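Novice: Contents of work_34.pdb (PDB, C-alpha atoms) are below:
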```pdb
ATOM      1  CA  MET A   1     -42.851 -14.462  11.764
ATOM      2  CA  LYS A   2     -41.802 -11.258  13.502
ATOM      3  CA  ARG A   3     -39.652 -13.232  15.959
ATOM      4  CA  LEU A   4     -38.071 -15.207  13.081
ATOM      5  CA  ALA A   5     -37.296 -11.994  11.184
ATOM      6  CA  PHE A   6     -35.792 -10.511  14.347
ATOM      7  CA  LEU A   7     -33.590 -13.586  14.887
ATOM      8  CA  LEU A   8     -32.431 -13.529  11.249
ATOM      9  CA  THR A   9     -31.542  -9.853  11.616
ATOM     10  CA  ILE A  10     -29.494 -10.580  14.752
ATOM     11  CA  LEU A  11     -27.716 -13.523  13.087
ATOM     12  CA  LEU A  12     -26.879 -11.411  10.029
ATOM     13  CA  ALA A  13     -25.538  -8.599  12.195
ATOM     14  CA  CYS A  14     -23.386 -11.037  14.166
ATOM     15  CA  SER A  15     -22.089 -12.579  10.942
ATOM     16  CA  LEU A  16     -21.139  -9.212   9.483
ATOM     17  CA  THR A  17     -19.520  -8.109  12.748
ATOM     18  CA  GLY A  18     -17.489 -11.300  12.940
ATOM     19  CA  GLN A  19     -16.388 -10.895   9.329
ATOM     20  CA  ALA A  20     -15.250  -7.321   9.953
ATOM     21  CA  GLN A  21     -13.298  -8.380  13.034
ATOM     22  CA  SER A  22     -11.697 -11.258  11.125
ATOM     23  CA  ALA A  23     -10.743  -8.985   8.212
ATOM     24  CA  ARG A  24      -9.329  -6.448  10.658
ATOM     25  CA  SER A  25      -7.296  -9.155  12.421
ATOM     26  CA  VAL A  26      -5.735 -10.197   9.088
ATOM     27  CA  LEU A  27      -4.744  -6.599   8.374
ATOM     28  CA  ASP A  28      -3.436  -6.215  11.923
ATOM     29  CA  ALA A  29      -1.287  -9.320  11.451
ATOM     30  CA  ALA A  30       0.015  -8.081   8.078
ATOM     31  CA  ALA A  31       0.768  -4.673   9.577
ATOM     32  CA  SER A  32       2.609  -6.316  12.471
ATOM     33  CA  ARG A  33       4.583  -8.385   9.981
ATOM     34  CA  MET A  34       5.612  -5.207   8.147
ATOM     35  CA  THR A  35       6.652  -3.338  11.305
ATOM     36  CA  GLN A  36       8.451  -6.198  13.091
ATOM     37  CA  SER A  37      10.511  -7.499  10.161
ATOM     38  CA  GLY A  38      13.199  -4.842  10.287
ATOM     39  CA  CYS A  39      14.100  -3.245   6.979
ATOM     40  CA  ILE A  40      12.382  -4.997   4.046
ATOM     41  CA  GLN A  41      13.708  -5.387   0.507
ATOM     42  CA  ALA A  42      10.944  -6.114  -1.997
ATOM     43  CA  GLN A  43      10.664  -6.552  -5.729
ATOM     44  CA  PHE A  44       7.393  -5.360  -7.211
ATOM     45  CA  LYS A  45       5.396  -4.844 -10.364
ATOM     46  CA  ALA A  46       3.056  -1.846 -10.546
ATOM     47  CA  THR A  47       0.213  -1.574 -13.050
ATOM     48  CA  GLN A  48      -1.857   1.532 -13.778
ATOM     49  CA  PHE A  49      -5.350   0.994 -15.184
ATOM     50  CA  ARG A  50      -7.757   3.206 -17.107
ATOM     51  CA  GLY A  51     -10.905   1.930 -15.459
ATOM     52  CA  THR A  52     -10.200  -1.809 -15.508
ATOM     53  CA  THR A  53      -8.038  -1.757 -18.663
ATOM     54  CA  PRO A  54      -4.249  -1.969 -18.092
ATOM     55  CA  GLU A  55      -2.625   1.262 -19.309
ATOM     56  CA  SER A  56       1.000   1.142 -18.148
ATOM     57  CA  GLU A  57       3.276  -1.146 -16.173
ATOM     58  CA  THR A  58       6.645  -0.923 -14.469
ATOM     59  CA  SER A  59       8.805  -3.067 -12.216
ATOM     60  CA  GLY A  60      11.317  -2.132  -9.575
ATOM     61  CA  THR A  61      12.637  -2.564  -6.063
ATOM     62  CA  MET A  62      11.723  -1.048  -2.730
ATOM     63  CA  LEU A  63      13.611  -0.696   0.524
ATOM     64  CA  ILE A  64      11.079  -0.238   3.341
ATOM     65  CA  SER A  65      11.712   0.644   6.979
ATOM     66  CA  GLY A  66       8.491   1.509   8.799
ATOM     67  CA  ARG A  67       7.137   4.651   7.152
ATOM     68  CA  LYS A  68      10.387   5.223   5.270
ATOM     69  CA  PHE A  69      11.074   3.831   1.821
ATOM     70  CA  ARG A  70      13.217   4.102  -1.282
ATOM     71  CA  MET A  71      11.712   3.009  -4.579
ATOM     72  CA  LYS A  72      13.589   2.504  -7.842
ATOM     73  CA  THR A  73      12.125   1.830 -11.280
ATOM     74  CA  PRO A  74      13.607   2.367 -14.753
ATOM     75  CA  ASP A  75      11.761   5.711 -14.901
ATOM     76  CA  ILE A  76      11.916   7.193 -11.412
ATOM     77  CA  THR A  77      13.660   7.006  -8.054
ATOM     78  CA  THR A  78      11.755   8.064  -4.940
ATOM     79  CA  TRP A  79      13.038   8.613  -1.415
ATOM     80  CA  PHE A  80      10.733   9.128   1.579
ATOM     81  CA  ASP A  81      12.056   9.734   5.096
ATOM     82  CA  GLY A  82       8.714   9.516   6.880
ATOM     83  CA  LYS A  83       7.689  13.100   6.113
ATOM     84  CA  THR A  84       9.451  14.447   3.022
ATOM     85  CA  GLN A  85       9.473  12.808  -0.397
ATOM     86  CA  TRP A  86      11.999  13.343  -3.189
ATOM     87  CA  SER A  87      11.126  12.113  -6.702
ATOM     88  CA  MET A  88      13.658  12.138  -9.534
ATOM     89  CA  LEU A  89      12.859  11.154 -13.115
ATOM     90  CA  SER A  90      15.575   9.154 -14.824
ATOM     91  CA  ASP A  91      15.516  11.319 -17.969
ATOM     92  CA  ALA A  92      15.348  14.703 -16.216
ATOM     93  CA  SER A  93      17.926  16.669 -14.258
ATOM     94  CA  GLU A  94      15.555  17.720 -11.480
ATOM     95  CA  VAL A  95      14.130  16.301  -8.279
ATOM     96  CA  ASN A  96      10.735  17.303  -6.872
ATOM     97  CA  ILE A  97      10.183  17.657  -3.124
ATOM     98  CA  SER A  98       6.741  17.113  -1.577
ATOM     99  CA  GLU A  99       5.009  15.994   1.618
ATOM    100  CA  PRO A 100       2.464  13.344   0.570
ATOM    101  CA  THR A 101      -0.517  12.208   2.625
ATOM    102  CA  ASP A 102      -0.822   8.659   3.948
ATOM    103  CA  GLU A 103      -3.426   7.846   1.310
ATOM    104  CA  GLU A 104      -1.162   9.124  -1.464
ATOM    105  CA  LEU A 105       1.657   7.009  -0.072
ATOM    106  CA  ALA A 106      -0.526   3.896  -0.002
ATOM    107  CA  ALA A 107      -0.430   3.754  -3.808
ATOM    108  CA  MET A 108       3.370   3.352  -3.655
ATOM    109  CA  ASN A 109       4.379   1.975  -0.279
ATOM    110  CA  PRO A 110       2.645  -1.129   1.116
ATOM    111  CA  SER A 111       3.545  -0.205   4.681
ATOM    112  CA  ALA A 112       1.574   3.045   4.312
ATOM    113  CA  LEU A 113      -1.579   0.936   4.459
ATOM    114  CA  ILE A 114      -0.824   0.508   8.165
ATOM    115  CA  TYR A 115      -1.637   4.169   8.694
ATOM    116  CA  ILE A 116      -4.928   4.368   6.757
ATOM    117  CA  TYR A 117      -6.845   1.113   7.196
ATOM    118  CA  LYS A 118      -7.727   1.656  10.859
ATOM    119  CA  LYS A 119     -10.164   4.482  10.164
ATOM    120  CA  GLY A 120     -12.610   5.414   7.454
ATOM    121  CA  TYR A 121     -13.098   1.957   5.903
ATOM    122  CA  ARG A 122     -15.483  -0.983   6.161
ATOM    123  CA  TYR A 123     -13.977  -4.470   5.907
ATOM    124  CA  SER A 124     -14.906  -7.756   4.317
ATOM    125  CA  LEU A 125     -12.893 -10.945   3.945
ATOM    126  CA  ARG A 126     -12.764 -14.025   1.754
ATOM    127  CA  LYS A 127     -10.289 -16.826   1.237
ATOM    128  CA  SER A 128      -8.670 -16.975  -2.175
ATOM    129  CA  SER A 129      -5.359 -17.840  -3.855
ATOM    130  CA  LEU A 130      -2.695 -15.876  -5.704
ATOM    131  CA  ARG A 131       0.332 -17.174  -7.602
ATOM    132  CA  GLY A 132      -0.326 -20.651  -6.205
ATOM    133  CA  LYS A 133      -0.498 -19.508  -2.559
ATOM    134  CA  PRO A 134      -3.599 -19.603  -0.322
ATOM    135  CA  THR A 135      -4.480 -16.015   0.591
ATOM    136  CA  TYR A 136      -6.829 -13.861   2.579
ATOM    137  CA  GLU A 137      -8.362 -11.216   0.341
ATOM    138  CA  VAL A 138      -9.434  -8.230   2.416
ATOM    139  CA  ARG A 139     -11.648  -5.590   0.836
ATOM    140  CA  LEU A 140     -11.740  -2.092   2.288
ATOM    141  CA  ALA A 141     -14.629   0.138   1.231
ATOM    142  CA  ALA A 142     -14.373   3.819   2.100
ATOM    143  CA  LYS A 143     -17.110   5.196   4.333
ATOM    144  CA  SER A 144     -16.782   8.627   2.711
ATOM    145  CA  LYS A 145     -17.131   9.352  -0.997
ATOM    146  CA  LYS A 146     -14.432  12.006  -0.521
ATOM    147  CA  ALA A 147     -11.776   9.437   0.406
ATOM    148  CA  ALA A 148      -8.759   9.361  -1.897
ATOM    149  CA  PHE A 149      -9.313   5.631  -2.468
ATOM    150  CA  THR A 150     -12.901   4.378  -2.591
ATOM    151  CA  GLU A 151     -11.862   0.709  -2.595
ATOM    152  CA  ILE A 152      -8.713  -1.155  -1.566
ATOM    153  CA  TYR A 153      -8.011  -4.878  -1.848
ATOM    154  CA  VAL A 154      -5.164  -6.520   0.042
ATOM    155  CA  ASP A 155      -4.053 -10.091  -0.677
ATOM    156  CA  VAL A 156      -2.226 -11.601   2.318
ATOM    157  CA  ASP A 157      -0.399 -14.937   2.392
ATOM    158  CA  GLN A 158      -2.313 -17.204   4.787
ATOM    159  CA  SER A 159       0.809 -18.879   6.197
ATOM    160  CA  THR A 160       3.218 -15.933   6.579
ATOM    161  CA  TYR A 161       0.881 -12.910   6.552
ATOM    162  CA  ASN A 162       3.199 -11.306   4.024
ATOM    163  CA  PRO A 163       1.318  -8.904   1.737
ATOM    164  CA  LEU A 164       1.309 -10.209  -1.847
ATOM    165  CA  CYS A 165      -0.752  -7.631  -3.709
ATOM    166  CA  PHE A 166      -2.506  -4.291  -3.252
ATOM    167  CA  ARG A 167      -5.226  -2.896  -5.495
ATOM    168  CA  ALA A 168      -6.673   0.567  -5.006
ATOM    169  CA  LYS A 169      -9.413   2.475  -6.842
ATOM    170  CA  GLN A 170      -9.194   6.229  -7.280
ATOM    171  CA  ASN A 171     -11.491   8.322  -9.469
ATOM    172  CA  GLY A 172     -12.759   5.180 -11.173
ATOM    173  CA  ASN A 173      -9.268   3.964 -12.080
ATOM    174  CA  TRP A 174      -7.264   1.167 -10.484
ATOM    175  CA  VAL A 175      -3.633   0.770  -9.515
ATOM    176  CA  ARG A 176      -2.164  -2.626  -8.651
ATOM    177  CA  LEU A 177       1.057  -3.246  -6.720
ATOM    178  CA  SER A 178       2.193  -6.879  -6.847
ATOM    179  CA  ILE A 179       4.898  -7.887  -4.363
ATOM    180  CA  LEU A 180       7.070 -10.482  -6.141
ATOM    181  CA  SER A 181       9.684 -11.026  -3.418
ATOM    182  CA  PHE A 182       9.910 -10.083   0.244
ATOM    183  CA  ALA A 183      13.200 -10.218   2.216
ATOM    184  CA  THR A 184      13.263  -9.113   5.863
ATOM    185  CA  ASN A 185      15.927  -7.692   8.218
ATOM    186  CA  GLN A 186      17.942  -6.039   5.454
ATOM    187  CA  PRO A 187      20.765  -3.583   6.261
ATOM    188  CA  ALA A 188      19.836   0.091   5.900
ATOM    189  CA  GLN A 189      20.643   3.544   7.268
ATOM    190  CA  ASP A 190      18.550   6.709   7.559
ATOM    191  CA  ALA A 191      20.564   8.195   4.677
ATOM    192  CA  ASP A 192      19.134   5.519   2.361
ATOM    193  CA  PHE A 193      15.740   7.232   2.562
ATOM    194  CA  THR A 194      16.775  10.801   1.757
ATOM    195  CA  PHE A 195      17.882  12.357  -1.519
ATOM    196  CA  PRO A 196      21.710  12.112  -1.749
ATOM    197  CA  ARG A 197      22.362  15.671  -2.886
ATOM    198  CA  LYS A 198      26.133  15.194  -3.121
ATOM    199  CA  ASP A 199      25.649  12.416  -5.696
ATOM    200  CA  TYR A 200      23.638  14.710  -7.979
ATOM    201  CA  PRO A 201      25.328  18.140  -7.757
ATOM    202  CA  ASP A 202      23.890  19.341 -11.078
ATOM    203  CA  THR A 203      20.311  18.296 -10.389
ATOM    204  CA  GLU A 204      17.773  21.117  -9.974
ATOM    205  CA  VAL A 205      15.704  20.862  -6.784
ATOM    206  CA  VAL A 206      12.034  21.876  -7.161
ATOM    207  CA  ASP A 207      10.286  22.362  -3.819
ATOM    208  CA  LEU A 208       6.528  21.681  -4.208
ATOM    209  CA  ARG A 209       5.648  21.821  -0.509
TER     210      ARG A 209
END
```
Would you write out, as structure tokens, the structure that this file holds?
Specialist:
Amino acid sequence: MKRLAFLLTILLACSLTGQAQSARSVLDAAASRMTQSGCIQAQFKATQFRGTTPESETSGTMLISGRKFRMKTPDITTWFDGKTQWSMLSDASEVNISEPTDEELAAMNPSALIYIYKKGYRYSLRKSSLRGKPTYEVRLAAKSKKAAFTEIYVDVDQSTYNPLCFRAKQNGNWVRLSILSFATNQPAQDADFTFPRKDYPDTEVVDLR
């Protein structure tokens, strides 16, 4: 009996290790897809939840180039040049400047996941489907209770490794970012990811750094 229990323990450990490696390889492939596709133009729908109850929803577009991105919704436009972020509300004449962390960025920019999933999380994987496409659903569980996101789910297209959806849990509440379209190798310049001050001469700049 002791030998059988020992063998079962070894088999379980090997199974869990293999699953973690497989989940990690899916995320590695999705990350590679994001970084090797040039500038990406994506349409998205973002949903904020109170617990698991949908509270608000918005749609928009994103231009993504590595760590850099520009996001536009009916309510806000955000520019991020890899370090500095500018956020401008559509109904206000001011723009706020900040320097967000990678975990804060992960709630807005899918490519930011590349910079947080490699440390501080445990992985698990299952096959699923989303919007009629076979997917890999990778679950990331934070090792530390102090992590900004305690759980993250990533749905990855099995055939292309394009990310289709991100779900993240923070303080008991969820945010979901659904990627509705994904176009690669789009034209872009560095200026596309910084606040165009000359276009908004009357806008007040509030530096929150």
Novice: Using only C-alpha atoms, determine which residues lie at most 12 Å from Gly132 in chain A, disregarding the query and same-chain residues fewer than 4 positions distant; provide the list as a list in words.
Specialist: Ser128, Asp157, Gln158 and Leu164 of chain A
Novice: Closest to Asp202 in chain A among A:Glu57, A:Asp81, A:Asp28, A:Glu94, using only C-alpha atoms?
Specialist: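 So, comparing all the options, the nearest one is A:Glu94.
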Novice: Name every residue that the PyMOL selection byres ((chain A and resi 46-56) around 7) selects in this structure, writing the answer as a list in words with chains first and numbers rising.
Specialist: Phe44, Lys45, Glu57, Thr58, Ser59, Gly172, Asn173, Trp174, Val175, Arg176, Leu177 and Ser178 of chain A
Novice: Just checking: using all atoms listed in the file, which residue out of A:Leu63, A:Tyr121, A:Thr101, A:Lys83 ends up closest to Ser144 in chain A?
Specialist: A:Tyr121
Novice: Kindly indicate which residue among A:Thr84, A:Gln189, A:Thr135, A:Thr194 lies nearest to Tyr161 in chain A, using all atoms listed in the file for the distances.
Specialist: A:Thr135
Novice: Select, from A:Arg24, A:Ser129, A:Met88, A:Ile152, the residue with the minimum atom-to-atom distance to Arg70 in chain A, counting all atoms listed in the file.
Specialist: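 Closest to Arg70 in chain A, using all atoms listed in the file: A:Met88.
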Novice: When you draw a straight line from CA of Asp190 in chain A to CA of Val156 in chain A, how long is it in Å?
Specialist: 28.2 Å
Novice: Would you mind reading off the distance between CA of Asn96 in chain A and CA of Val205 in chain A, one decimal, in Å?
Specialist: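 Result for CA of Asn96 in chain A versus CA of Val205 in chain A: 6.1 Å, one decimal.
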Novice: Can you list, as a PyMOL selection string, every protein, DNA or RNA residue that comes within 9 Å of Ser37 in chain A when you count all atoms listed in the file, leaving out same-chain residues fewer than 2 positions away?
Specialist: chain A and resi 32-35+39-40+65+183-186
Novice: With distances taken over only C-alpha atoms, which of A:Ala188, A:Val154, A:Ala42, A:Ala29 is nearest to Lys127 in chain A?
Specialist: A:Val154
Novice: Find, counting all atoms listed in the file, the residue in A:Asp91, A:Gln170, A:Asp199, A:Leu105 that gets nearest to Met71 in chain A.
Specialist: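 The answer is A:Leu105, which sits nearest to Met71 in chain A.
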Novice: I would like the residues chosen by the PyMOL selection byres ((chain A and resi 138-141) around 7) on the shown file; could you give them as a PyMOL selection string?
Specialist: chain A and resi 23+121-126+136-137+142-143+150-155
Novice: Interatomic distance between CA of Ile179 in chain A and CA of Tyr200 in chain A?
Specialist: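 Separation of CA of Ile179 in chain A and CA of Tyr200 in chain A: 29.6 Å.
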Novice: Mind checking which residues fall within 12 Å of Gly82 in chain A, counting all atoms listed in the file, ignoring those fewer than 5 positions away in the same chain, and posting them as a list of chain:residue names?
Specialist: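 So the residues in contact are A:Ile64, A:Ser65, A:Gly66, A:Arg67, A:Lys68, A:Phe69, A:Arg70, A:Ser98, A:Glu99, A:Pro100, A:Thr101, A:Asp102, A:Leu105, A:Asn109, A:Ser111, A:Ala112, A:Tyr115, A:Asp190, A:Phe193, A:Thr194.
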Novice: Give me a file of those residues, with C-alpha atoms, as a PDB file, in the coordinates of the input.
Specialist:
```pdb
ATOM      1  CA  ILE A  64      11.079  -0.238   3.341  1.00  0.00           C
ATOM      2  CA  SER A  65      11.712   0.644   6.979  1.00  0.00           C
ATOM      3  CA  GLY A  66       8.491   1.509   8.799  1.00  0.00           C
ATOM      4  CA  ARG A  67       7.137   4.651   7.152  1.00  0.00           C
ATOM      5  CA  LYS A  68      10.387   5.223   5.270  1.00  0.00           C
ATOM      6  CA  PHE A  69      11.074   3.831   1.821  1.00  0.00           C
ATOM      7  CA  ARG A  70      13.217   4.102  -1.282  1.00  0.00           C
ATOM      8  CA  SER A  98       6.741  17.113  -1.577  1.00  0.00           C
ATOM      9  CA  GLU A  99       5.009  15.994   1.618  1.00  0.00           C
ATOM     10  CA  PRO A 100       2.464  13.344   0.570  1.00  0.00           C
ATOM     11  CA  THR A 101      -0.517  12.208   2.625  1.00  0.00           C
ATOM     12  CA  ASP A 102      -0.822   8.659   3.948  1.00  0.00           C
ATOM     13  CA  LEU A 105       1.657   7.009  -0.072  1.00  0.00           C
ATOM     14  CA  ASN A 109       4.379   1.975  -0.279  1.00  0.00           C
ATOM     15  CA  SER A 111       3.545  -0.205   4.681  1.00  0.00           C
ATOM     16  CA  ALA A 112       1.574   3.045   4.312  1.00  0.00           C
ATOM     17  CA  TYR A 115      -1.637   4.169   8.694  1.00  0.00           C
ATOM     18  CA  ASP A 190      18.550   6.709   7.559  1.00  0.00           C
ATOM     19  CA  PHE A 193      15.740   7.232   2.562  1.00  0.00           C
ATOM     20  CA  THR A 194      16.775  10.801   1.757  1.00  0.00           C
TER      21      THR A 194
END
```
Novice: Near Ser87 in chain A, within 8 Å and counting only C-alpha atoms, which residues show up once chain neighbours fewer than 5 positions away are dropped, as a list in words?
Specialist: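 That gives Ile76, Thr77, Thr78, Trp79, Val95, Asn96 and Ile97 of chain A.
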